[in-house]
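Novice: There's a structure below that I have some questions on.
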Amino acid sequence: MPDFAAVKRGGDDPVSGLKPGEQVHVVGIGGAGMSAIARVMLQQGYRVSGSDRELNDLTKGLQQEGARIHEGEDASRVGAARLVLASSAIPEQNAELAQARAQRIPVVRRTDFIAGLMRDRDVLAVAGTHGKTTTSAMAAHILQFAGREPGYIIGSVSPDLGNNAAAGRGAAFVVEADEYDHMFLGLRPQVAVLGSAEYDHPDCFPTHAAMLDAYRRFIELLPKDGPLIACMDDPAAAQLAAERRAQGLPVEGFSSRREAGWRARRLHQRHDGRSEFEVLHGGRVAGKVTLRLPGEHNVRNALAALALTGQQNVPFTVAASALAAFRGTGRRLELRGAVDDVLVVDDYAHHPTAIRLTLAAARARWPGHRLWALWQPHTYSRSRALLSGFVTAFGDADELLVTDIYAAREDPLPGLDAATLAAALAHPRARHMPTAADALRVLLREVEGPALVLVLSAGDAPRIGERFLARRRGDAGGDGGV
């Protein structure tokens, strides 16, 4: 039996102990990160089984590709697995993990596992509190557009790439470097992007300083000649870049507001939602870029993707053409439908800064629409730790409905609930919706076109938008499940 803990000591990784055709069982396979890993393993020739408490579109896609996936937890499903991979959200007392240990089957988390999927590849890692998914998808799309056949793991399904992951056959492997549960410390990047380092995940990082220390450790994983590509508009990212530069190690900066190695200027936000800007590289005009996506934050995401793929020698003109065709990613200002001049849009934003930027981008993209924000607070720890930011994050919304807190993996905190949050917000039209059915009734009764219903959620609130669209279309079953 190989030493599956050796990766923690810098030795072999768990994947090196596996052979194509052997079975890996994934507990929590329906999540964005775990489903992506499972998809790569299927394409690399491994047999994949898995479980999750609810099946979804990601698990359905994996089943169509050959994975055996079950709903709920059942010890008998571990079967003859060679290794069990568990999501960070899965507790140690899970029956399938307990059964694996009883059978002496190694159990690992993705931090200890993920580097092996990219062994012998040029790993391009995209980190940061905001923009990881979009930047990763942009970079993978550029490489694919350029004919490089990259591997990739991103946190959402990209319509341009067709999925959230691929093994790829080219030299490059683009990976969204998730800081949650320190996953990104399991990577071995050759190049890294740091888009921002704003405080988040208080359940993992008790302070911002603790989070910055994790980012430092991630940056230290780069080889001495491995560039760090950092956003100079984010104070914490700029600080970490300055520390690396002071060591004489390579750093490239990007910015939409100040001088940097990659700079956007003459930004124009068009009424159709497109962003036009000129790019300077090394002080010289590289060319112009047009994005289908609104918002200055997406301009910065595009600069990071240009810098990252530039490290793979993709010509600027090719990269700019790819970006002009890029359609975004799932649940990032994703238009879900329209009825009678009322649009429903989903966004994953659950941090105050992301909410503020998303609302501003929506306002620019759909001018003249009354903007209804439907916010589902995500986790009790984040709601408490970032409350001061949430208070002022919703200024661009005309109406604000606040659902109950999506607990995810957490237990409620005494004295903290959605009604308290809604009352604390500096928004004159903030209203607490005790149930999803209440939110649906208010939307059906009060929304009149032209209007935009923007669902801000990393949980299950998008279902409310789906029911709303169905009811306005006259689908009699549209309120089922709410």
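Chain lettering (A, B, ...) mirrors the order of the structure tokens, residue numbering begins at 1 for each chain separately, and ligand numbering begins at 1 in order of display.
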Applying 6 Å and only C-alpha atoms, which residues near Ala192 (chain A) remain after dropping the ones on its own chain fewer than 3 positions away? List them as a list in words.

Specialist: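 Listed by chain and then number, they are Leu124, Ala125, Val126 and Leu228 of chain A.
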
Novice: Mind writing the picked residues with N, CA, C and O atoms as a PDB file, in the first residue's frame?

Specialist:
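Output (out21.pdb):
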```pdb
ATOM      1  N   LEU A 124      -1.299  26.767 -13.799  1.00  0.00           N
ATOM      2  CA  LEU A 124      -1.591  28.189 -13.750  1.00  0.00           C
ATOM      3  C   LEU A 124      -2.714  28.368 -12.737  1.00  0.00           C
ATOM      4  O   LEU A 124      -3.870  28.039 -13.020  1.00  0.00           O
ATOM      5  N   ALA A 125      -2.369  28.859 -11.562  1.00  0.00           N
ATOM      6  CA  ALA A 125      -3.312  28.906 -10.449  1.00  0.00           C
ATOM      7  C   ALA A 125      -3.857  30.310 -10.258  1.00  0.00           C
ATOM      8  O   ALA A 125      -3.100  31.287 -10.228  1.00  0.00           O
ATOM      9  N   VAL A 126      -5.175  30.423 -10.114  1.00  0.00           N
ATOM     10  CA  VAL A 126      -5.844  31.715  -9.966  1.00  0.00           C
ATOM     11  C   VAL A 126      -6.460  31.796  -8.567  1.00  0.00           C
ATOM     12  O   VAL A 126      -7.408  31.083  -8.262  1.00  0.00           O
ATOM     13  N   LEU A 228       4.399  35.879  -9.963  1.00  0.00           N
ATOM     14  CA  LEU A 228       3.143  36.192  -9.294  1.00  0.00           C
ATOM     15  C   LEU A 228       2.509  37.346 -10.058  1.00  0.00           C
ATOM     16  O   LEU A 228       3.133  38.394 -10.249  1.00  0.00           O
TER      17      LEU A 228
END
```

Novice: If we count only C-alpha atoms and set the cut-off at 6 Å, which residues sit around region 78-93 of chain A, ignoring sequence neighbours fewer than 4 positions away in its own chain? Please answer as a ChimeraX atom specification.

Specialist: /A:23-28,105-109

Novice: How about saving the chosen residues, N, CA and C atoms kept, as a compact mmCIF listing (two decimals), in the first residue's frame?

Specialist:
```txt
# COMPACT_ATOMS: atom_id res chain seq x y z
N GLN A 23 -10.92 2.40 -8.85
CA GLN A 23 -12.07 3.19 -8.42
C GLN A 23 -11.70 4.20 -7.34
N VAL A 24 -12.21 5.42 -7.51
CA VAL A 24 -12.15 6.46 -6.49
C VAL A 24 -13.57 6.81 -6.11
N HIS A 25 -13.86 6.85 -4.82
CA HIS A 25 -15.19 7.21 -4.34
C HIS A 25 -15.14 8.62 -3.77
N VAL A 26 -16.01 9.50 -4.25
CA VAL A 26 -15.99 10.91 -3.89
C VAL A 26 -17.22 11.23 -3.04
N VAL A 27 -16.99 11.61 -1.80
CA VAL A 27 -18.09 11.95 -0.89
C VAL A 27 -18.28 13.47 -0.93
N GLY A 28 -19.48 13.90 -1.34
CA GLY A 28 -19.72 15.32 -1.59
C GLY A 28 -19.44 15.67 -3.03
N ILE A 105 -9.27 1.66 3.69
CA ILE A 105 -9.16 2.39 2.44
C ILE A 105 -8.72 3.81 2.77
N PRO A 106 -7.68 4.32 2.16
CA PRO A 106 -7.22 5.68 2.47
C PRO A 106 -8.32 6.72 2.22
N VAL A 107 -8.45 7.66 3.14
CA VAL A 107 -9.40 8.77 3.02
C VAL A 107 -8.60 10.07 2.98
N VAL A 108 -8.81 10.87 1.95
CA VAL A 108 -8.06 12.12 1.81
C VAL A 108 -9.01 13.26 1.49
N ARG A 109 -8.55 14.48 1.77
CA ARG A 109 -9.26 15.69 1.38
C ARG A 109 -8.59 16.24 0.12
```

Novice: Restrict the calculation to only C-alpha atoms, then for each residue of region 160-194 of chain A with any atom at most 10 Å from an atom of region 328-342 of chain A give the closest atom pair and their distance in Å to one decimal, rows by chain and rising residue number, as a tab-separated table.

Specialist:
```
residue	atom	partner	partner_atom	distance
A:Asp160	CA	A:Gly328	CA	7.8
A:Leu161	CA	A:Thr329	CA	9.4
A:Asn163	CA	A:Thr329	CA	9.7
A:Asn164	CA	A:Thr329	CA	9.2
```

Novice: Would you please extract all helix (DSSP H, G or I) residues from region 86-121 of chain A, as assigned by DSSP on the backbone, and give them as a PyMOL selection string?

Specialist: chain A and resi 95-102+110-112+114-117

Novice: Neighbouring residues of Arg245 (chain A) were defined as those with any atom within 12 Å, considering only C-alpha atoms; residues of the same chain fewer than 6 positions away were excluded. Please report them as a list in words.

Specialist: Ile219, Lys224, Asp225, Gly226, Pro227, Leu228, Ile229, Ala230, Ala238, Gln239, Val251, Glu252 and Gly253 of chain A

Novice: Might you pull out every residue within 10 Å of Pro412 (chain A), with only C-alpha atoms counted and same-chain residues fewer than 4 positions away left off, and present them as a PyMOL selection string?

Specialist: chain A and resi 379-381+405-407+416-417

Novice: Identify, with DSSP run on backbone atoms, the residues in region 26-223 of chain A assigned to strand (DSSP E), and express the list as a PyMOL selection string.

Specialist: chain A and resi 26-27+47-52+68-71+83-86+107-109+122-127+151-153+165-166+172-176+191-194

Novice: Mind checking which residues fall within 12 Å of region 363-366 of chain A, counting only C-alpha atoms, ignoring those fewer than 4 positions away in the same chain, and posting them as a PyMOL selection string?

Specialist: chain A and resi 268-275+292-296+333-335+341-345+356-359+370-373+394-398+450-454

Novice: Dump N, CA and C atoms for the selected residues as a short mmCIF file (atom, residue, chain, number, x, y, z; two decimals), in the first residue's frame?

Specialist:
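So result-v9.cif came out as:
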```cif
data_model
loop_
_atom_site.label_atom_id
_atom_site.label_comp_id
_atom_site.auth_asym_id
_atom_site.auth_seq_id
_atom_site.Cartn_x
_atom_site.Cartn_y
_atom_site.Cartn_z
N HIS A 268 -14.76 52.16 -21.40
CA HIS A 268 -16.09 52.64 -21.80
C HIS A 268 -17.09 51.51 -21.58
N GLN A 269 -18.12 51.78 -20.74
CA GLN A 269 -19.17 50.82 -20.50
C GLN A 269 -20.34 51.13 -21.44
N ARG A 270 -20.58 50.24 -22.38
CA ARG A 270 -21.64 50.45 -23.35
C ARG A 270 -23.01 50.09 -22.77
N HIS A 271 -24.05 50.64 -23.37
CA HIS A 271 -25.40 50.40 -22.87
C HIS A 271 -25.86 48.95 -23.09
N ASP A 272 -25.19 48.24 -24.01
CA ASP A 272 -25.55 46.83 -24.22
C ASP A 272 -24.83 45.90 -23.25
N GLY A 273 -24.10 46.48 -22.29
CA GLY A 273 -23.41 45.68 -21.28
C GLY A 273 -21.97 45.38 -21.59
N ARG A 274 -21.52 45.70 -22.78
CA ARG A 274 -20.13 45.41 -23.12
C ARG A 274 -19.18 46.45 -22.51
N SER A 275 -17.96 46.00 -22.25
CA SER A 275 -16.90 46.86 -21.73
C SER A 275 -15.80 46.97 -22.78
N ARG A 292 -17.98 41.09 -23.40
CA ARG A 292 -19.44 41.05 -23.31
C ARG A 292 -19.93 41.33 -21.90
N LEU A 293 -19.02 41.34 -20.94
CA LEU A 293 -19.38 41.46 -19.53
C LEU A 293 -19.26 42.89 -19.05
N PRO A 294 -20.19 43.35 -18.21
CA PRO A 294 -20.09 44.70 -17.67
C PRO A 294 -19.24 44.73 -16.42
N GLY A 295 -18.81 45.91 -16.01
CA GLY A 295 -18.17 46.10 -14.73
C GLY A 295 -16.65 46.20 -14.79
N GLU A 296 -16.12 47.14 -14.01
CA GLU A 296 -14.67 47.31 -13.95
C GLU A 296 -13.99 46.08 -13.38
N LEU A 333 -23.77 37.00 -12.85
CA LEU A 333 -24.68 37.82 -13.67
C LEU A 333 -25.26 36.98 -14.80
N GLU A 334 -25.77 35.82 -14.45
CA GLU A 334 -26.30 34.88 -15.44
C GLU A 334 -27.80 35.15 -15.64
N LEU A 335 -28.17 35.51 -16.84
CA LEU A 335 -29.57 35.74 -17.16
C LEU A 335 -30.30 34.41 -17.24
N ASP A 341 -40.98 41.90 -19.87
CA ASP A 341 -40.02 42.96 -19.54
C ASP A 341 -39.53 42.88 -18.09
N VAL A 342 -39.58 41.67 -17.53
CA VAL A 342 -39.00 41.42 -16.22
C VAL A 342 -37.93 40.34 -16.40
N LEU A 343 -36.70 40.65 -16.00
CA LEU A 343 -35.58 39.73 -16.14
C LEU A 343 -35.23 39.14 -14.78
N VAL A 344 -34.79 37.88 -14.79
CA VAL A 344 -34.27 37.24 -13.58
C VAL A 344 -32.82 36.86 -13.84
N VAL A 345 -31.94 37.31 -12.96
CA VAL A 345 -30.49 37.11 -13.11
C VAL A 345 -29.96 36.49 -11.82
N ARG A 356 -21.65 44.57 -3.89
CA ARG A 356 -21.62 45.95 -4.34
C ARG A 356 -21.22 46.04 -5.82
N LEU A 357 -20.18 45.30 -6.21
CA LEU A 357 -19.73 45.31 -7.60
C LEU A 357 -20.77 44.72 -8.53
N THR A 358 -21.43 43.65 -8.09
CA THR A 358 -22.43 42.99 -8.92
C THR A 358 -23.64 43.90 -9.15
N LEU A 359 -24.09 44.57 -8.09
CA LEU A 359 -25.21 45.49 -8.23
C LEU A 359 -24.85 46.65 -9.18
N ARG A 370 -36.08 48.67 -12.89
CA ARG A 370 -36.12 48.74 -11.43
C ARG A 370 -35.40 47.51 -10.90
N LEU A 371 -34.43 47.72 -10.02
CA LEU A 371 -33.54 46.65 -9.59
C LEU A 371 -34.02 46.08 -8.25
N TRP A 372 -34.51 44.85 -8.30
CA TRP A 372 -34.91 44.11 -7.11
C TRP A 372 -33.77 43.16 -6.73
N ALA A 373 -33.19 43.35 -5.56
CA ALA A 373 -32.15 42.45 -5.06
C ALA A 373 -32.79 41.46 -4.09
N PHE A 394 -25.75 47.56 -0.50
CA PHE A 394 -26.91 47.41 -1.38
C PHE A 394 -27.43 48.73 -1.94
N GLY A 395 -26.58 49.76 -1.97
CA GLY A 395 -27.03 51.08 -2.38
C GLY A 395 -27.60 51.15 -3.77
N ASP A 396 -27.18 50.27 -4.70
CA ASP A 396 -27.67 50.32 -6.07
C ASP A 396 -29.00 49.61 -6.26
N ALA A 397 -29.49 48.94 -5.23
CA ALA A 397 -30.76 48.24 -5.35
C ALA A 397 -31.92 49.19 -5.05
N ASP A 398 -32.99 49.09 -5.83
CA ASP A 398 -34.21 49.86 -5.54
C ASP A 398 -35.04 49.17 -4.47
N PRO A 450 -40.52 47.73 -16.61
CA PRO A 450 -39.24 47.01 -16.75
C PRO A 450 -38.56 46.85 -15.39
N ALA A 451 -38.17 45.63 -15.10
CA ALA A 451 -37.56 45.34 -13.81
C ALA A 451 -36.54 44.22 -13.95
N LEU A 452 -35.61 44.19 -13.02
CA LEU A 452 -34.59 43.15 -12.94
C LEU A 452 -34.63 42.56 -11.54
N VAL A 453 -34.85 41.26 -11.45
CA VAL A 453 -34.78 40.55 -10.18
C VAL A 453 -33.41 39.87 -10.12
N LEU A 454 -32.55 40.36 -9.25
CA LEU A 454 -31.18 39.86 -9.14
C LEU A 454 -31.06 39.02 -7.88
#
```
